[in-house]
Structures are given as structure tokens and as C-alpha cells.
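Beneath this line is the structure, given in C-alpha cells, with notes to follow.
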Amino acid sequence: MRKITALASLLALVSVALIARAFADDPKNSGASIGAKAPDFTLQDQNGKNVSLHDFLGKIVVLEWTNPQCPFVQRHYQAKTMQTLASQYQPKNVVWLAINSSKFDTNDANQQWAAEQSISYPELNDSSGVTGKAYHATNTPEMYIIGIDGTLLYQGAIDNDPHGEKTNDRVNYVHQALDEILSGKPVSTPQTKPYGCSVKYKD
Amino acid sequence: MFTRLCRCVAALVLCLTTAEVSAAHVHAELLADVSAVQPGKPFWLGVRLSIDPGWHVYWKNPGDAGLPTRVTFTLPDGFAAGLLQFPTPRRFVQPGNIVAFGYEDSVMLLSKITPPPNLPGDFQGRFQAAVSWLVCSDICIPGKAAPSLALASSPSPDSTNRELFDDWIGQIPVNWADNPNVAAVHSRTTPGEANPSSRSFAVEIAWTHPAPDPVDFLPEALDDYNILQTDVKSSQDTTVIGFTLQSLAGKTPGPQTLRAVAGYLDKDGKRRGIIISVALPAQDANNH
């Protein structure tokens with residue numbers, strides 16, 4: 001009896017130590033990390049319908065942090081960067097979700113933007129900023145790719161062209177990563193620095 | 001109809017000859033610290049941006065968001081422009097802990113211009129600065145301007161805008177060893193959290209007088225690392241800047257140097273900056 005108690009205590013001690021180490025290992029302010037489980041969320045789309053990340057387990061999910069008032073987002077929507085990617089990969093079981101963590105965001109504004117831009121994917125209202133902060137999203141646009149098992153595979157910029165002036169040397173990191181994921185390869189560029197406007201959090 | 005056309009043309013001509021150009025929330029001017037140029041004698045050109053209250057433009061490293069302010073000079077034949085100098089910026093923290101480096105109210109970006117040694121006595125030329133920026137408050141608006149300035153040569157030019165140039169030149173960051181307010185700067189790695197892909201550093205500045213407070217940590221852009229957190233503590237005559245770096249996933253950075261500016265207000269309330277360098281050892285291949 002004593003041996004079992006001793007073993008149980010030892011196991012408990014080791015578990016506590018491991019958990020403590022896990023929290024100590026979590027870098028401050030890093031939000032979701034590459035290779036870790038992407039934080040779950042439930043947000044309203046432009047029609048007021050609840051959309052949860054866990055609805056899409058088993059599919060590749062692309063999260064696009066967005067803000068229609070940001071000139072970087074406007075430039076990409078004029079060039080149809082996001083819309084083209086979303087429709088190109090939709091037949092390959094890739095889900096595209098746009099998230100707006102700006103304090104100004106409303107379902108109505110999202111509906112208007114979706115109609116103006118002929119957007120077929122959900123525009124999610126995160127005006128409280130909770131989901132943005134869970135992902136430590138700092139910019140619009142900022143992109144995240146989540147694998148079919150729910151782990152984060154890419155985080156960062158849409159491409160390597162913050163000024164919008166590259167031609168032959170422009171690399172779209174989302175396009176590159178999706179192709180690699182779909183062909184079973186590791187993502188060669190899993191993390192880049194995002195560019196764009198700051199996310200307009202309320203606090 | 002004809003009168004209106006004349007007025008429009010007159011306005012256009014006036015616009016083209018002025019050294020000032022306005023775009024949304026930013027007014028750009030090109031100024032020189034001399035009234036005329038001399039063969040081989042360097043002078044300063046300054047692009048002054050006057051910014052509407054509540055708006056800001058960005059440093060060469062904008063921080064977490066924004067775009068660097070850029071200037072490209074077009075000079076008459078034989079003139080050479082030195083590296084663009086950015087005065088010490090301010091550090092802004094926006095909701096969500098988003099850090100930006102930039103300028104409010106006004107800033108003058110500077111370049112030292114060297115005329116050719118064989119400049120003719122009857123020289124007259126136009127100097128132009130193509131400026132582009134992102135100006136932000138709650139929203140962001142990209143902008144650009146191309147102010148220009150005409151200068152001729154003269155054997156004995158006057159100094160112009162002296163106070164203005166001295167003020168802004170004084171705000172350009174200097175190597176800490178060249179600043180009489182700084183006795184020493186030491187940097188070291190510190191035991192940080194047990195995360196294999198992040199490392200913590202501390203930079204200690206020993207001042208020759210009571211430490212200024214606050215001191216802003218203004219790092220240049222790092223391609224391979226994210227800065228997870230920064231803290232600055234000043235006490236007595238010492239300031240300690242602590243920061244933690246995490247390498248981007250998928251990267252094993254080689255040894256490199258982080259250059260940063262420590263920005264502060266001196267005892268006369270003037271913004272100053274000292275350049276500090278921190279050696280970053282190579283990331284171990286086993287770290288993620």
C-alpha cells in the first residue's frame with residue numbers, strides 16, 4: 001500500500017513539474033505558436049450566425065485578419081488577392097475566414113463590405129478583440145493557416161511586398177504554404193513578419 | 001471661362017515653383033541650411049514634414065505596423081547625397097500592446113549633400129525630394145510629395161534656417177561613446193524563461209548624471225526575430241533595458257548584431273538618442 005502511495009505522489013510531483021514547465025515555456029505575448037493547437041473561437045458572421053473554428057476540424061482553415069478601412073487591405077482587395085486565393089483553394093477543402101478585431105466593427109459593416117467586394121466567405125465580428133488577442137494578431141492583413149488536425153502551420157504576412165511594388169520577386173506566403181500542405185510537404189516558411197495597419201483594438 | 005482658365009494655370013505654375021507640397025494631414029517642405037552652394041562644400045538638405053495633431057508618421061523601422069517614411073533625392077549632376085538621417089523617434093504603444101516608432105507634430109529627415117569640386121560659378125540647379133509615408137491616427141492614409149528647391153552657386157553664401165537645422169541635427173542618434181552624457185554601455189544575456197527558441201538580454205547604460213526617465217528602446221528591424229517583450233528601468237544614474245527575442249519558426253539565425261537607439265529627453269527637454277549594439281549569438285540548430 002505504501003509503495004503505491006509513494007509512486008502516486010511521485011507521479012503527482014512530476015505532473016505538477018511538467019505543467020509548471022509548460023507554462024514557463026510559453027513565451028509571453030507570442031499568442032498562438034507554430035506547431036501548437038490554434039485557439040478555438042466562436043464569432044458572429046455578417047448575418048449574425050455563429051461560426052466556430054471547431055466546426056472545421058478536418059479541413060485546412062485560413063484566417064485573414066482584416067479591416068476594410070486599412071489601405072493595405074484595400075490595395076489587396078482591389079487586386080483581388082484574398083478573393084482569388086479563397087476561391088482557388090475552396091475546391092481543395094480549404095476554408096477561408098476573415099476576422100475583424102477592430103473596435104469599430106459591426107455585423108452590418110461586414111455585410112456591406114462583403115456585398116461591395118462580392119465576398120463569399122464569412123466576415124467575422126471580433127470587435128471585442130478577444131480572438132485577435134488570443135492569436136496575438138497585430139496587423140491587417142495578417143494571415144494564419146491551421147492544419148486539418150487543428151495545429152497552427154503558418155502565421156504572418158500575406159506576401160513579401162509591404163509597399164505593393166514588387167513584380168517578379170513577389171512571393172505569396174499563403175499560396176506557397178497551402179500548396180506545400182496539400183502535397184504533404186512541411187511548410188518551408190512557417191512564420192514571417194506581418195505588415196499593414198495596426199489592428200484597432202478597443203483596449 | 002477664360003479668366004477661370006488663367007487662374008487655374010497661374011495656380012498650377014505657383015504650385016510647381018513652391019518648395020512646399022501638401023497631402024492629407026502631412027505638409028512636406030524641402031529646406032537647405034545654406035542660401036547658395038559652393039564647390040565641394042557640403043551642406044544639409046532637410047525634408048520637413050508637418051503633421052496634423054493626432055496623426056503620426058513612422059521611423060525607418062515602423063515597429064509592429066505602419067510603413068517607413070522614405071525619401072529619394074534627385075540632385076543636379078555631380079552632387080552626391082549622404083545616407084538619409086532619421087532623428088530619434090518616439091515609441092508609441094497602441095491598444096493590444098502594438099508598438100510603433102515614429103513622429104508626431106513634425107520631423108525633419110536630413111541628408112548631407114556634397115557639391116562637385118568643379119562647380120561652375122554660374123551654376124543654378126533644382127534639388128528635389130520624392131517623399132512617401134503612411135500617416136495614421138485611427139485610420140491610415142498613404143501619402144507622397146515631391147517638394148523641390150532651387151539653389152545657385154555663390155562665393156559667400158549665408159547660413160539659413162540655422163536654428164531649425166541645429167535642432168533636428170541634434171536629434172539624430174549618436175554612438176554612445178560620442179555622447180558626454182553616457183559613461184558606459186554593457187550588454188549581456190540574462191537567464192530568461194526555459195524556452196529554447198527565446199533568449200533574454202539586458203543592456204545597462206551608465207549615465208554621467210541622474211538617468212533620464214523615460215528611456216525609449218528603439219530597435220532597428222530584425223528579419224529573423226520577434227521581440228516578445230521589453231522593459232526599461234531607470235534608477236539613480238543607471239538605465240537597464242531588458243528585452244526577449246524569439247527566432248521566427250523555421251529559422252536558425254546566424255550570429256548578428258542588433259542595433260538600437262535609446263531615446264530620451266535631455267535636461268533641456270531636447271530629444272536625444274544614443275546608438276547601442278547588442279551581439280546576438282547564433283541560434284543553436286536544435287532550438288525550434
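Starting from 1 in every chain, residues are counted up; chains themselves are A, B, ... following the order of the C-alpha cells, and ligands are numbered from 1 as listed.
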
Against chain B, which residues of chain A fall within 9 Å? For each one I want the closest pair of atoms and the distance in Å (one decimal), counting only C-alpha atoms, rows by chain and increasing residue number, as JSON lines.
{"residue": "A:Arg21", "atom": "CA", "partner": "B:Ala194", "partner_atom": "CA", "distance": 7.7}
{"residue": "A:Ala24", "atom": "CA", "partner": "B:Glu193", "partner_atom": "CA", "distance": 6.2}
{"residue": "A:Asp25", "atom": "CA", "partner": "B:Asn195", "partner_atom": "CA", "distance": 4.8}
{"residue": "A:Asp26", "atom": "CA", "partner": "B:Asn195", "partner_atom": "CA", "distance": 7.2}
{"residue": "A:Pro27", "atom": "CA", "partner": "B:Asn195", "partner_atom": "CA", "distance": 7.0}
{"residue": "A:Lys28", "atom": "CA", "partner": "B:Leu228", "partner_atom": "CA", "distance": 6.3}
{"residue": "A:Asn29", "atom": "CA", "partner": "B:Leu228", "partner_atom": "CA", "distance": 6.0}
{"residue": "A:Ser30", "atom": "CA", "partner": "B:Leu228", "partner_atom": "CA", "distance": 6.6}
{"residue": "A:Ser33", "atom": "CA", "partner": "B:Ala249", "partner_atom": "CA", "distance": 8.6}
{"residue": "A:Ile34", "atom": "CA", "partner": "B:Ala249", "partner_atom": "CA", "distance": 6.8}
{"residue": "A:Gln69", "atom": "CA", "partner": "B:Ile139", "partner_atom": "CA", "distance": 6.7}
{"residue": "A:Cys70", "atom": "CA", "partner": "B:Cys140", "partner_atom": "CA", "distance": 6.2}
{"residue": "A:Pro71", "atom": "CA", "partner": "B:Ile141", "partner_atom": "CA", "distance": 6.6}
{"residue": "A:Gly129", "atom": "CA", "partner": "B:Gly96", "partner_atom": "CA", "distance": 8.4}
{"residue": "A:Gly132", "atom": "CA", "partner": "B:Gly96", "partner_atom": "CA", "distance": 8.9}
{"residue": "A:Lys133", "atom": "CA", "partner": "B:Gly96", "partner_atom": "CA", "distance": 7.1}
{"residue": "A:His136", "atom": "CA", "partner": "B:Gly96", "partner_atom": "CA", "distance": 8.3}
{"residue": "A:Ala137", "atom": "CA", "partner": "B:Gly96", "partner_atom": "CA", "distance": 8.8}
{"residue": "A:Thr138", "atom": "CA", "partner": "B:Ile98", "partner_atom": "CA", "distance": 6.4}
{"residue": "A:Asn139", "atom": "CA", "partner": "B:Ala65", "partner_atom": "CA", "distance": 6.2}
{"residue": "A:Thr140", "atom": "CA", "partner": "B:Ala65", "partner_atom": "CA", "distance": 8.7}
{"residue": "A:Pro162", "atom": "CA", "partner": "B:Leu67", "partner_atom": "CA", "distance": 7.8}
{"residue": "A:His163", "atom": "CA", "partner": "B:Leu67", "partner_atom": "CA", "distance": 7.9}
{"residue": "A:Val187", "atom": "CA", "partner": "B:Gly250", "partner_atom": "CA", "distance": 8.7}
{"residue": "A:Ser188", "atom": "CA", "partner": "B:Gly250", "partner_atom": "CA", "distance": 7.2}
{"residue": "A:Thr189", "atom": "CA", "partner": "B:Gly250", "partner_atom": "CA", "distance": 6.5}
{"residue": "A:Pro190", "atom": "CA", "partner": "B:Ala249", "partner_atom": "CA", "distance": 6.0}
{"residue": "A:Gln191", "atom": "CA", "partner": "B:Ala249", "partner_atom": "CA", "distance": 5.4}
{"residue": "A:Thr192", "atom": "CA", "partner": "B:Leu248", "partner_atom": "CA", "distance": 7.0}
{"residue": "A:Lys193", "atom": "CA", "partner": "B:Asp223", "partner_atom": "CA", "distance": 7.8}
{"residue": "A:Pro194", "atom": "CA", "partner": "B:Ala65", "partner_atom": "CA", "distance": 8.0}
{"residue": "A:Tyr195", "atom": "CA", "partner": "B:Ala65", "partner_atom": "CA", "distance": 5.9}
{"residue": "A:Gly196", "atom": "CA", "partner": "B:Ala65", "partner_atom": "CA", "distance": 5.6}
{"residue": "A:Cys197", "atom": "CA", "partner": "B:Ala65", "partner_atom": "CA", "distance": 5.4}
{"residue": "A:Ser198", "atom": "CA", "partner": "B:Ala65", "partner_atom": "CA", "distance": 5.1}
{"residue": "A:Val199", "atom": "CA", "partner": "B:Gly96", "partner_atom": "CA", "distance": 8.0}
{"residue": "A:Lys200", "atom": "CA", "partner": "B:Pro95", "partner_atom": "CA", "distance": 7.2}
{"residue": "A:Tyr201", "atom": "CA", "partner": "B:Pro95", "partner_atom": "CA", "distance": 5.5}
{"residue": "A:Lys202", "atom": "CA", "partner": "B:Pro95", "partner_atom": "CA", "distance": 6.5}
{"residue": "A:Asp203", "atom": "CA", "partner": "B:Pro95", "partner_atom": "CA", "distance": 4.7}

Taking C-alpha atoms for each residue, export the selection above as a PDB file, in the first residue's frame.
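As written to disk, selection.pdb reads:
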ATOM      1  CA  ARG A  21       7.406  23.887 -17.059  1.00  0.00           C
ATOM      2  CA  ALA A  24       7.084  28.661 -18.014  1.00  0.00           C
ATOM      3  CA  ASP A  25       7.890  27.626 -21.589  1.00  0.00           C
ATOM      4  CA  ASP A  26       5.022  29.663 -23.015  1.00  0.00           C
ATOM      5  CA  PRO A  27       6.684  32.780 -24.387  1.00  0.00           C
ATOM      6  CA  LYS A  28       4.923  35.906 -23.214  1.00  0.00           C
ATOM      7  CA  ASN A  29       2.829  37.704 -25.783  1.00  0.00           C
ATOM      8  CA  SER A  30       3.504  35.147 -28.500  1.00  0.00           C
ATOM      9  CA  SER A  33       2.610  29.339 -31.720  1.00  0.00           C
ATOM     10  CA  ILE A  34       3.526  27.384 -34.825  1.00  0.00           C
ATOM     11  CA  GLN A  69     -10.636  50.919 -43.550  1.00  0.00           C
ATOM     12  CA  CYS A  70      -6.965  49.946 -43.880  1.00  0.00           C
ATOM     13  CA  PRO A  71      -5.234  50.986 -47.146  1.00  0.00           C
ATOM     14  CA  GLY A 129     -10.751  41.874 -29.663  1.00  0.00           C
ATOM     15  CA  GLY A 132      -7.362  38.786 -32.067  1.00  0.00           C
ATOM     16  CA  LYS A 133      -5.542  38.818 -28.770  1.00  0.00           C
ATOM     17  CA  HIS A 136      -1.727  37.981 -30.978  1.00  0.00           C
ATOM     18  CA  ALA A 137      -2.808  39.473 -34.293  1.00  0.00           C
ATOM     19  CA  THR A 138      -1.102  42.837 -34.702  1.00  0.00           C
ATOM     20  CA  ASN A 139      -1.760  43.801 -38.332  1.00  0.00           C
ATOM     21  CA  THR A 140      -4.283  43.951 -41.124  1.00  0.00           C
ATOM     22  CA  PRO A 162       4.589  45.646 -47.973  1.00  0.00           C
ATOM     23  CA  HIS A 163       4.851  48.597 -50.384  1.00  0.00           C
ATOM     24  CA  VAL A 187       5.742  24.433 -44.688  1.00  0.00           C
ATOM     25  CA  SER A 188       9.071  25.941 -45.798  1.00  0.00           C
ATOM     26  CA  THR A 189       8.293  29.422 -44.456  1.00  0.00           C
ATOM     27  CA  PRO A 190       6.099  28.871 -41.382  1.00  0.00           C
ATOM     28  CA  GLN A 191       6.427  32.350 -39.874  1.00  0.00           C
ATOM     29  CA  THR A 192       7.013  35.820 -41.318  1.00  0.00           C
ATOM     30  CA  LYS A 193       6.597  39.332 -40.016  1.00  0.00           C
ATOM     31  CA  PRO A 194       3.185  40.687 -40.952  1.00  0.00           C
ATOM     32  CA  TYR A 195       2.866  44.193 -42.396  1.00  0.00           C
ATOM     33  CA  GLY A 196      -0.034  46.614 -42.658  1.00  0.00           C
ATOM     34  CA  CYS A 197      -2.059  48.845 -40.357  1.00  0.00           C
ATOM     35  CA  SER A 198      -2.214  48.022 -36.664  1.00  0.00           C
ATOM     36  CA  VAL A 199      -5.304  46.119 -35.523  1.00  0.00           C
ATOM     37  CA  LYS A 200      -7.534  48.779 -33.916  1.00  0.00           C
ATOM     38  CA  TYR A 201      -8.230  47.014 -30.612  1.00  0.00           C
ATOM     39  CA  LYS A 202     -10.606  48.674 -28.187  1.00  0.00           C
ATOM     40  CA  ASP A 203      -8.193  48.101 -25.295  1.00  0.00           C
TER      41      ASP A 203
END

Could you name the residues that touch Met82 of chain A at 10 Å or less, counting only C-alpha atoms, but leaving out those on the same chain fewer than 3 positions away, as a ChimeraX atom specification?
/A:64,73,76-79,85-88,96,98,119,141,158,174

Grab the residues selected above and save them as a CSV table (one decimal), in the first residue's frame with N, CA and C atoms.
chain,number,residue,atom,x,y,z
A,64,GLU,N,-7.9,35.3,-42.0
A,64,GLU,CA,-7.4,36.6,-42.6
A,64,GLU,C,-7.8,37.7,-41.7
A,73,VAL,N,-5.3,46.6,-46.8
A,73,VAL,CA,-6.4,45.7,-47.1
A,73,VAL,C,-7.1,46.1,-48.4
A,76,HIS,N,-5.1,45.1,-51.4
A,76,HIS,CA,-5.2,43.7,-51.8
A,76,HIS,C,-6.6,43.3,-52.3
A,77,TYR,N,-7.6,44.0,-51.8
A,77,TYR,CA,-9.0,43.7,-52.3
A,77,TYR,C,-9.2,44.2,-53.7
A,78,GLN,N,-8.5,45.3,-54.0
A,78,GLN,CA,-8.6,45.9,-55.4
A,78,GLN,C,-7.9,44.9,-56.3
A,79,ALA,N,-6.8,44.3,-55.9
A,79,ALA,CA,-6.0,43.4,-56.7
A,79,ALA,C,-6.6,42.0,-56.6
A,85,LEU,N,-7.4,33.7,-53.9
A,85,LEU,CA,-6.9,32.6,-53.1
A,85,LEU,C,-8.0,31.8,-52.5
A,86,ALA,N,-9.0,32.4,-52.0
A,86,ALA,CA,-10.1,31.7,-51.3
A,86,ALA,C,-10.8,30.9,-52.3
A,87,SER,N,-11.1,31.4,-53.5
A,87,SER,CA,-11.9,30.6,-54.5
A,87,SER,C,-11.0,29.5,-55.1
A,88,GLN,N,-9.7,29.8,-55.3
A,88,GLN,CA,-8.8,28.9,-55.9
A,88,GLN,C,-8.7,27.6,-55.0
A,96,TRP,N,-11.9,29.6,-45.8
A,96,TRP,CA,-11.4,30.9,-45.6
A,96,TRP,C,-12.3,31.7,-44.7
A,98,ALA,N,-12.5,35.5,-42.7
A,98,ALA,CA,-12.0,36.8,-42.5
A,98,ALA,C,-12.4,37.3,-41.1
A,119,ILE,N,-17.8,39.1,-51.7
A,119,ILE,CA,-17.0,38.1,-50.8
A,119,ILE,C,-18.0,36.9,-50.5
A,141,PRO,N,-3.4,43.4,-43.4
A,141,PRO,CA,-3.8,42.0,-43.2
A,141,PRO,C,-2.8,41.2,-42.4
A,158,ILE,N,0.8,38.3,-45.7
A,158,ILE,CA,0.2,37.6,-46.9
A,158,ILE,C,1.3,37.4,-48.0
A,174,VAL,N,0.9,32.6,-48.4
A,174,VAL,CA,-0.2,31.7,-48.1
A,174,VAL,C,-0.4,30.7,-49.3

So that I can check the surroundings of Ile146 of chain A, please list as a list in words every protein, DNA and RNA residue that reaches within 8 Å of it, counting only C-alpha atoms and ignoring chain neighbours fewer than 4 positions away.
Ala38, Ile60, Val61, Val62, Gly150, Thr151, Leu152, Leu153 and Tyr154 of chain A

Pull the strand (DSSP E or B) assignments for segment 13-117 of chain A out of DSSP run on the backbone, and list those residues as a ChimeraX atom specification.
/A:37,42-44,50-52,60-65,94-100

Go ahead and save the picked residues with N, CA and C atoms, as a PDB file, in the first residue's frame.
ATOM      1  N   LYS A  37      -1.739  23.931 -30.858  1.00  0.00           N
ATOM      2  CA  LYS A  37      -3.163  23.962 -31.229  1.00  0.00           C
ATOM      3  C   LYS A  37      -3.597  25.420 -31.419  1.00  0.00           C
ATOM      4  N   THR A  42     -15.605  31.343 -31.210  1.00  0.00           N
ATOM      5  CA  THR A  42     -16.952  31.400 -31.793  1.00  0.00           C
ATOM      6  C   THR A  42     -17.276  32.869 -32.003  1.00  0.00           C
ATOM      7  N   LEU A  43     -17.483  33.251 -33.261  1.00  0.00           N
ATOM      8  CA  LEU A  43     -17.766  34.647 -33.589  1.00  0.00           C
ATOM      9  C   LEU A  43     -18.958  34.703 -34.531  1.00  0.00           C
ATOM     10  N   GLN A  44     -19.619  35.872 -34.561  1.00  0.00           N
ATOM     11  CA  GLN A  44     -20.764  36.031 -35.470  1.00  0.00           C
ATOM     12  C   GLN A  44     -20.290  36.449 -36.845  1.00  0.00           C
ATOM     13  N   ASN A  50     -23.480  32.202 -35.785  1.00  0.00           N
ATOM     14  CA  ASN A  50     -22.266  31.803 -35.061  1.00  0.00           C
ATOM     15  C   ASN A  50     -21.392  30.899 -35.905  1.00  0.00           C
ATOM     16  N   VAL A  51     -20.110  31.222 -35.937  1.00  0.00           N
ATOM     17  CA  VAL A  51     -19.131  30.413 -36.661  1.00  0.00           C
ATOM     18  C   VAL A  51     -18.013  30.074 -35.680  1.00  0.00           C
ATOM     19  N   SER A  52     -17.721  28.771 -35.536  1.00  0.00           N
ATOM     20  CA  SER A  52     -16.658  28.337 -34.616  1.00  0.00           C
ATOM     21  C   SER A  52     -15.541  27.673 -35.384  1.00  0.00           C
ATOM     22  N   ILE A  60      -8.455  22.332 -43.813  1.00  0.00           N
ATOM     23  CA  ILE A  60      -7.440  23.384 -43.662  1.00  0.00           C
ATOM     24  C   ILE A  60      -8.208  24.705 -43.539  1.00  0.00           C
ATOM     25  N   VAL A  61      -7.820  25.530 -42.559  1.00  0.00           N
ATOM     26  CA  VAL A  61      -8.511  26.802 -42.360  1.00  0.00           C
ATOM     27  C   VAL A  61      -7.519  27.957 -42.508  1.00  0.00           C
ATOM     28  N   VAL A  62      -7.895  28.941 -43.308  1.00  0.00           N
ATOM     29  CA  VAL A  62      -7.095  30.159 -43.443  1.00  0.00           C
ATOM     30  C   VAL A  62      -7.834  31.271 -42.693  1.00  0.00           C
ATOM     31  N   LEU A  63      -7.136  31.940 -41.772  1.00  0.00           N
ATOM     32  CA  LEU A  63      -7.715  33.101 -41.080  1.00  0.00           C
ATOM     33  C   LEU A  63      -7.067  34.357 -41.648  1.00  0.00           C
ATOM     34  N   GLU A  64      -7.901  35.303 -42.043  1.00  0.00           N
ATOM     35  CA  GLU A  64      -7.399  36.567 -42.598  1.00  0.00           C
ATOM     36  C   GLU A  64      -7.844  37.682 -41.664  1.00  0.00           C
ATOM     37  N   TRP A  65      -6.878  38.289 -40.919  1.00  0.00           N
ATOM     38  CA  TRP A  65      -7.251  39.454 -40.114  1.00  0.00           C
ATOM     39  C   TRP A  65      -7.419  40.624 -41.062  1.00  0.00           C
ATOM     40  N   VAL A  94     -10.300  23.900 -48.459  1.00  0.00           N
ATOM     41  CA  VAL A  94      -9.691  24.934 -47.630  1.00  0.00           C
ATOM     42  C   VAL A  94     -10.773  25.962 -47.297  1.00  0.00           C
ATOM     43  N   VAL A  95     -10.944  26.208 -46.005  1.00  0.00           N
ATOM     44  CA  VAL A  95     -11.956  27.165 -45.533  1.00  0.00           C
ATOM     45  C   VAL A  95     -11.283  28.513 -45.318  1.00  0.00           C
ATOM     46  N   TRP A  96     -11.915  29.596 -45.795  1.00  0.00           N
ATOM     47  CA  TRP A  96     -11.351  30.938 -45.619  1.00  0.00           C
ATOM     48  C   TRP A  96     -12.264  31.724 -44.681  1.00  0.00           C
ATOM     49  N   LEU A  97     -11.690  32.257 -43.599  1.00  0.00           N
ATOM     50  CA  LEU A  97     -12.474  33.077 -42.665  1.00  0.00           C
ATOM     51  C   LEU A  97     -11.777  34.427 -42.495  1.00  0.00           C
ATOM     52  N   ALA A  98     -12.520  35.510 -42.703  1.00  0.00           N
ATOM     53  CA  ALA A  98     -11.963  36.841 -42.460  1.00  0.00           C
ATOM     54  C   ALA A  98     -12.426  37.280 -41.074  1.00  0.00           C
ATOM     55  N   ILE A  99     -11.513  37.848 -40.288  1.00  0.00           N
ATOM     56  CA  ILE A  99     -11.841  38.265 -38.920  1.00  0.00           C
ATOM     57  C   ILE A  99     -11.490  39.741 -38.751  1.00  0.00           C
ATOM     58  N   ASN A 100     -12.421  40.507 -38.208  1.00  0.00           N
ATOM     59  CA  ASN A 100     -12.196  41.932 -37.974  1.00  0.00           C
ATOM     60  C   ASN A 100     -12.217  42.210 -36.483  1.00  0.00           C
TER      61      ASN A 100
END

Please extract the residues of segment 21-195 of chain B with a backbone DSSP assignment of helix (DSSP H, G or I) and present them as a PyMOL selection string.
chain B and resi 162-169+176-178

Once you have the residues from the selection above, write them out as a tab-separated table (two decimals), in the first residue's frame, restricted to N, CA and C atoms.
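Printed below is out_17.tsv as written:
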chain	number	residue	atom	x	y	z
B	162	ARG	N	19.35	78.16	-39.63
B	162	ARG	CA	20.38	77.57	-38.76
B	162	ARG	C	19.79	76.90	-37.52
B	163	GLU	N	18.89	77.63	-36.82
B	163	GLU	CA	18.34	77.09	-35.57
B	163	GLU	C	17.55	75.81	-35.84
B	164	LEU	N	16.78	75.83	-36.92
B	164	LEU	CA	15.96	74.68	-37.28
B	164	LEU	C	16.84	73.47	-37.55
B	165	PHE	N	17.87	73.63	-38.36
B	165	PHE	CA	18.76	72.52	-38.69
B	165	PHE	C	19.53	72.04	-37.46
B	166	ASP	N	20.04	72.96	-36.66
B	166	ASP	CA	20.77	72.57	-35.45
B	166	ASP	C	19.86	71.74	-34.53
B	167	ASP	N	18.60	72.16	-34.42
B	167	ASP	CA	17.64	71.46	-33.57
B	167	ASP	C	17.46	70.02	-34.04
B	168	TRP	N	17.23	69.82	-35.34
B	168	TRP	CA	16.98	68.47	-35.85
B	168	TRP	C	18.24	67.64	-35.93
B	169	ILE	N	19.37	68.27	-36.30
B	169	ILE	CA	20.64	67.51	-36.36
B	169	ILE	C	20.96	66.98	-34.96
B	176	TRP	N	27.03	55.90	-28.59
B	176	TRP	CA	27.03	56.24	-27.15
B	176	TRP	C	28.37	56.78	-26.70
B	177	ALA	N	29.46	56.28	-27.30
B	177	ALA	CA	30.80	56.73	-26.90
B	177	ALA	C	31.03	58.21	-27.23
B	178	ASP	N	30.25	58.74	-28.17
B	178	ASP	CA	30.40	60.15	-28.55
B	178	ASP	C	29.46	61.07	-27.79

Nearest to Asn125 of chain A: which of A:Lys166, A:Lys59, A:Lys103, A:His175 is it, counting only C-alpha atoms?
A:Lys103

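Here atom CA of Arg259 of chain B and atom CA of His186 of chain B stand 13.5 Å from one another.
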
Here is a test: counting only C-alpha atoms, which residue of A:Asn93, A:Asn67, A:Gln46, A:Gln111 is nearest to Gly147 of chain A?
A:Asn93
